[in-house]
Amino acid sequence: MALLPILEYPDPRLRQKAHPVVHIDQRIRQLAQDMLETMYDAPGIGLAAIQVNEPLRMLVLDISEDKDQPQVFINPVLSALGDERSSYDEGCLSVPGFYEPVERPARIRVEAQNEHGVSFIVEADGLLATCLQHEVDHLEGKLFVDYLSSLKRERIRKKLQKQHKLQD
């Protein structure tokens, strides 16, 4: 397994739309394992392939306390269940150090495949619903900062650009 570099906002590659995974093969299974290792090391609870510069419709997550329930979602299709909304303070491995409240549908349904090509359906609420929606947004080239005011988004962008210049 390998730790993968995580792209950081405002990197334009984060704005790409991910392509469907056509063949679930050993390369995809290895990518899933590398993404999980990278996510745990970061540390985070979710990671989309686009965040590690792989423009594929694929994400991993693990919201368990003990970090022992990894999940892989390939070609996820998400739909809201009802009109109820909930707000959660979201952060992102691609926007390190920032947390802001984001309102999203409270209950969702996701159809996907796992790393073995087996189709499954998950109905979720709470943190799992928030995490899945956050990661699926990445697959569409959308970040949680897009839900914020333009003033907050610009402030975050400038702070991260300044940090990147100091690291170079």
# chains A, B, ... in the order shown; residues from 1 in each chain; ligands from 1

call {"tool": "closest_atom_pairs", "arguments": {"of": "segment 107-154 of chain A", "to": "segment 73-78 of chain A", "cutoff": "8 Å", "atoms": "only C-alpha atoms", "output": "tab-separated table"}}
result
residue	atom	partner	partner_atom	distance
A:Ile108	CA	A:Leu78	CA	6.9
A:Arg109	CA	A:Leu78	CA	5.7
A:Val110	CA	A:Leu78	CA	4.5
A:Glu111	CA	A:Val77	CA	5.2
A:Ala112	CA	A:Pro76	CA	4.3
A:Gln113	CA	A:Ile74	CA	5.0
A:Asn114	CA	A:Phe73	CA	5.5
A:Glu115	CA	A:Ile74	CA	7.1
A:Gln133	CA	A:Leu78	CA	7.7
A:Val136	CA	A:Pro76	CA	7.4

call {"tool": "residues_around", "arguments": {"residues": "segment 51-57 of chain A", "least_positions_apart": "3", "cutoff": "9 Å", "atoms": "only C-alpha atoms", "output": "list in words"}}
result
Leu4, Pro5, Ile6, Leu7, Glu8, Arg13, Leu14, Gln16, Lys17, Ala18, His19, Pro20, Val21, Met35, Leu47, Ala48, Phe73, Ile74, Asn75, Pro76, Leu93, Ser94, Val136, His138, Leu139 and Glu140 of chain A

call {"tool": "write_last_selection", "arguments": {"atoms": "C-alpha atoms", "output": "compact mmCIF listing (two decimals), in the first residue's frame"}}
result
# COMPACT_ATOMS: atom_id res chain seq x y z
CA LEU A 4 -1.02 9.25 -1.91
CA PRO A 5 -0.59 13.04 -2.09
CA ILE A 6 -3.86 14.88 -1.42
CA LEU A 7 -4.67 17.84 -3.67
CA GLU A 8 -5.47 21.03 -1.79
CA ARG A 13 -7.74 19.53 -10.58
CA LEU A 14 -10.26 19.38 -7.71
CA GLN A 16 -12.68 18.07 -12.60
CA LYS A 17 -15.73 15.88 -13.01
CA ALA A 18 -14.84 12.27 -12.31
CA HIS A 19 -15.32 9.55 -14.93
CA PRO A 20 -17.18 6.31 -14.26
CA VAL A 21 -15.09 3.28 -13.36
CA MET A 35 -6.98 5.71 -0.61
CA LEU A 47 -11.71 10.58 0.58
CA ALA A 48 -12.74 10.83 -3.07
CA PHE A 73 -18.19 3.19 -3.15
CA ILE A 74 -17.59 2.87 -6.90
CA ASN A 75 -19.83 4.76 -9.35
CA PRO A 76 -22.13 6.01 -6.56
CA LEU A 93 -8.67 16.92 3.64
CA SER A 94 -8.36 19.17 0.57
CA VAL A 136 -19.98 12.58 -3.99
CA HIS A 138 -16.03 15.92 -5.01
CA LEU A 139 -16.86 13.59 -7.91
CA GLU A 140 -18.80 16.48 -9.46

call {"tool": "residues_around", "arguments": {"residues": "segment 149-163 of chain A", "least_positions_apart": "6", "cutoff": "8 Å", "atoms": "only C-alpha atoms", "output": "VMD selection string"}}
result
chain A and resid 9 to 10 95 98

call {"tool": "residues_around", "arguments": {"residues": "Lys67 of chain A", "least_positions_apart": "2", "cutoff": "12 Å", "atoms": "only C-alpha atoms", "output": "list in words"}}
result
Leu36, Glu37, Met39, Tyr40, Asp41, Pro43, Gly44, Ile45, Gly46, Leu61, Asp62, Ile63, Ser64, Glu65, Gln69, Pro70 and Gln71 of chain A

call {"tool": "select_by_dssp", "arguments": {"residues": "chain A", "states": "strand (DSSP E or B)", "output": "number ranges by chain"}}
result
A: 19, 46-48, 56, 58-61, 71-80, 85-92, 95-105, 107-113, 119-125

call {"tool": "select_by_dssp", "arguments": {"residues": "chain A", "states": "helix (DSSP H, G or I)", "output": "ChimeraX atom specification"}}
result
/A:12-15,26-41,49-52,126-139,144-147,150-167

call {"tool": "atom_distance", "arguments": {"atom1": "atom CA of Leu31 of chain A", "atom2": "atom CA of Ile50 of chain A"}}
result
11.6 Å

call {"tool": "residues_around", "arguments": {"residues": "Val102 of chain A", "least_positions_apart": "6", "cutoff": "7 Å", "atoms": "only C-alpha atoms", "output": "PDB file with N, CA and C atoms, in the first residue's frame"}}
result
ATOM      1  N   SER A  87     -27.752  20.221   9.251  1.00  0.00           N
ATOM      2  CA  SER A  87     -26.520  20.995   9.134  1.00  0.00           C
ATOM      3  C   SER A  87     -25.435  20.308   9.948  1.00  0.00           C
ATOM      4  N   TYR A  88     -24.224  20.312   9.392  1.00  0.00           N
ATOM      5  CA  TYR A  88     -23.101  19.674  10.059  1.00  0.00           C
ATOM      6  C   TYR A  88     -21.860  20.515   9.801  1.00  0.00           C
ATOM      7  N   ASP A  89     -20.994  20.669  10.795  1.00  0.00           N
ATOM      8  CA  ASP A  89     -19.724  21.364  10.592  1.00  0.00           C
ATOM      9  C   ASP A  89     -18.814  20.450   9.785  1.00  0.00           C
ATOM     10  N   GLU A  90     -18.583  20.822   8.531  1.00  0.00           N
ATOM     11  CA  GLU A  90     -17.775  19.991   7.643  1.00  0.00           C
ATOM     12  C   GLU A  90     -16.358  20.522   7.525  1.00  0.00           C
ATOM     13  N   TYR A 147     -20.491  25.950  -0.735  1.00  0.00           N
ATOM     14  CA  TYR A 147     -21.733  26.197  -0.017  1.00  0.00           C
ATOM     15  C   TYR A 147     -21.633  27.451   0.863  1.00  0.00           C
TER      16      TYR A 147
END

call {"tool": "atom_distance", "arguments": {"atom1": "atom CA of Glu123 of chain A", "atom2": "atom CA of Pro96 of chain A"}}
result
28.6 Å

call {"tool": "atom_distance", "arguments": {"atom1": "atom CA of Ile28 of chain A", "atom2": "atom CA of Ser119 of chain A"}}
result
15.4 Å

call {"tool": "decode", "arguments": {"residues": "segment 19-36 of chain A", "atoms": "N, CA, C and O atoms", "output": "PDB file, in the first residue's frame"}}
result
ATOM      1  N   HIS A  19     -14.799  10.487 -13.931  1.00  0.00           N
ATOM      2  CA  HIS A  19     -15.317   9.555 -14.932  1.00  0.00           C
ATOM      3  C   HIS A  19     -15.751   8.258 -14.267  1.00  0.00           C
ATOM      4  O   HIS A  19     -15.128   7.823 -13.287  1.00  0.00           O
ATOM      5  N   PRO A  20     -16.770   7.604 -14.822  1.00  0.00           N
ATOM      6  CA  PRO A  20     -17.182   6.306 -14.258  1.00  0.00           C
ATOM      7  C   PRO A  20     -16.046   5.289 -14.328  1.00  0.00           C
ATOM      8  O   PRO A  20     -15.230   5.304 -15.251  1.00  0.00           O
ATOM      9  N   VAL A  21     -16.020   4.419 -13.343  1.00  0.00           N
ATOM     10  CA  VAL A  21     -15.091   3.283 -13.363  1.00  0.00           C
ATOM     11  C   VAL A  21     -15.733   2.244 -14.268  1.00  0.00           C
ATOM     12  O   VAL A  21     -16.856   1.798 -14.012  1.00  0.00           O
ATOM     13  N   VAL A  22     -15.034   1.874 -15.343  1.00  0.00           N
ATOM     14  CA  VAL A  22     -15.573   0.925 -16.314  1.00  0.00           C
ATOM     15  C   VAL A  22     -15.258  -0.516 -15.916  1.00  0.00           C
ATOM     16  O   VAL A  22     -16.120  -1.387 -15.980  1.00  0.00           O
ATOM     17  N   HIS A  23     -14.027  -0.758 -15.500  1.00  0.00           N
ATOM     18  CA  HIS A  23     -13.609  -2.109 -15.116  1.00  0.00           C
ATOM     19  C   HIS A  23     -13.083  -2.086 -13.682  1.00  0.00           C
ATOM     20  O   HIS A  23     -12.136  -1.357 -13.392  1.00  0.00           O
ATOM     21  N   ILE A  24     -13.700  -2.859 -12.824  1.00  0.00           N
ATOM     22  CA  ILE A  24     -13.212  -2.988 -11.456  1.00  0.00           C
ATOM     23  C   ILE A  24     -12.210  -4.136 -11.459  1.00  0.00           C
ATOM     24  O   ILE A  24     -12.587  -5.300 -11.485  1.00  0.00           O
ATOM     25  N   ASP A  25     -10.934  -3.763 -11.464  1.00  0.00           N
ATOM     26  CA  ASP A  25      -9.858  -4.745 -11.558  1.00  0.00           C
ATOM     27  C   ASP A  25      -8.872  -4.548 -10.408  1.00  0.00           C
ATOM     28  O   ASP A  25      -9.140  -3.787  -9.467  1.00  0.00           O
ATOM     29  N   GLN A  26      -7.741  -5.204 -10.488  1.00  0.00           N
ATOM     30  CA  GLN A  26      -6.751  -5.130  -9.413  1.00  0.00           C
ATOM     31  C   GLN A  26      -6.257  -3.699  -9.200  1.00  0.00           C
ATOM     32  O   GLN A  26      -6.010  -3.288  -8.075  1.00  0.00           O
ATOM     33  N   ARG A  27      -6.108  -2.927 -10.282  1.00  0.00           N
ATOM     34  CA  ARG A  27      -5.666  -1.528 -10.145  1.00  0.00           C
ATOM     35  C   ARG A  27      -6.660  -0.727  -9.304  1.00  0.00           C
ATOM     36  O   ARG A  27      -6.273   0.045  -8.433  1.00  0.00           O
ATOM     37  N   ILE A  28      -7.955  -0.931  -9.530  1.00  0.00           N
ATOM     38  CA  ILE A  28      -8.990  -0.215  -8.780  1.00  0.00           C
ATOM     39  C   ILE A  28      -8.987  -0.687  -7.323  1.00  0.00           C
ATOM     40  O   ILE A  28      -9.110   0.126  -6.392  1.00  0.00           O
ATOM     41  N   ARG A  29      -8.842  -1.994  -7.110  1.00  0.00           N
ATOM     42  CA  ARG A  29      -8.790  -2.507  -5.726  1.00  0.00           C
ATOM     43  C   ARG A  29      -7.571  -1.945  -4.991  1.00  0.00           C
ATOM     44  O   ARG A  29      -7.655  -1.580  -3.818  1.00  0.00           O
ATOM     45  N   GLN A  30      -6.434  -1.844  -5.678  1.00  0.00           N
ATOM     46  CA  GLN A  30      -5.228  -1.281  -5.058  1.00  0.00           C
ATOM     47  C   GLN A  30      -5.420   0.199  -4.764  1.00  0.00           C
ATOM     48  O   GLN A  30      -5.021   0.684  -3.702  1.00  0.00           O
ATOM     49  N   LEU A  31      -6.045   0.909  -5.705  1.00  0.00           N
ATOM     50  CA  LEU A  31      -6.329   2.329  -5.471  1.00  0.00           C
ATOM     51  C   LEU A  31      -7.209   2.497  -4.240  1.00  0.00           C
ATOM     52  O   LEU A  31      -6.963   3.378  -3.408  1.00  0.00           O
ATOM     53  N   ALA A  32      -8.221   1.652  -4.097  1.00  0.00           N
ATOM     54  CA  ALA A  32      -9.106   1.723  -2.920  1.00  0.00           C
ATOM     55  C   ALA A  32      -8.301   1.528  -1.640  1.00  0.00           C
ATOM     56  O   ALA A  32      -8.473   2.282  -0.667  1.00  0.00           O
ATOM     57  N   GLN A  33      -7.398   0.554  -1.624  1.00  0.00           N
ATOM     58  CA  GLN A  33      -6.578   0.310  -0.436  1.00  0.00           C
ATOM     59  C   GLN A  33      -5.648   1.490  -0.157  1.00  0.00           C
ATOM     60  O   GLN A  33      -5.486   1.911   0.997  1.00  0.00           O
ATOM     61  N   ASP A  34      -5.039   2.034  -1.199  1.00  0.00           N
ATOM     62  CA  ASP A  34      -4.152   3.193  -1.033  1.00  0.00           C
ATOM     63  C   ASP A  34      -4.930   4.414  -0.544  1.00  0.00           C
ATOM     64  O   ASP A  34      -4.435   5.177   0.295  1.00  0.00           O
ATOM     65  N   MET A  35      -6.142   4.583  -1.059  1.00  0.00           N
ATOM     66  CA  MET A  35      -6.978   5.706  -0.613  1.00  0.00           C
ATOM     67  C   MET A  35      -7.356   5.549   0.854  1.00  0.00           C
ATOM     68  O   MET A  35      -7.334   6.529   1.615  1.00  0.00           O
ATOM     69  N   LEU A  36      -7.695   4.336   1.270  1.00  0.00           N
ATOM     70  CA  LEU A  36      -8.021   4.111   2.682  1.00  0.00           C
ATOM     71  C   LEU A  36      -6.816   4.406   3.565  1.00  0.00           C
ATOM     72  O   LEU A  36      -6.942   5.095   4.587  1.00  0.00           O
TER      73      LEU A  36
END
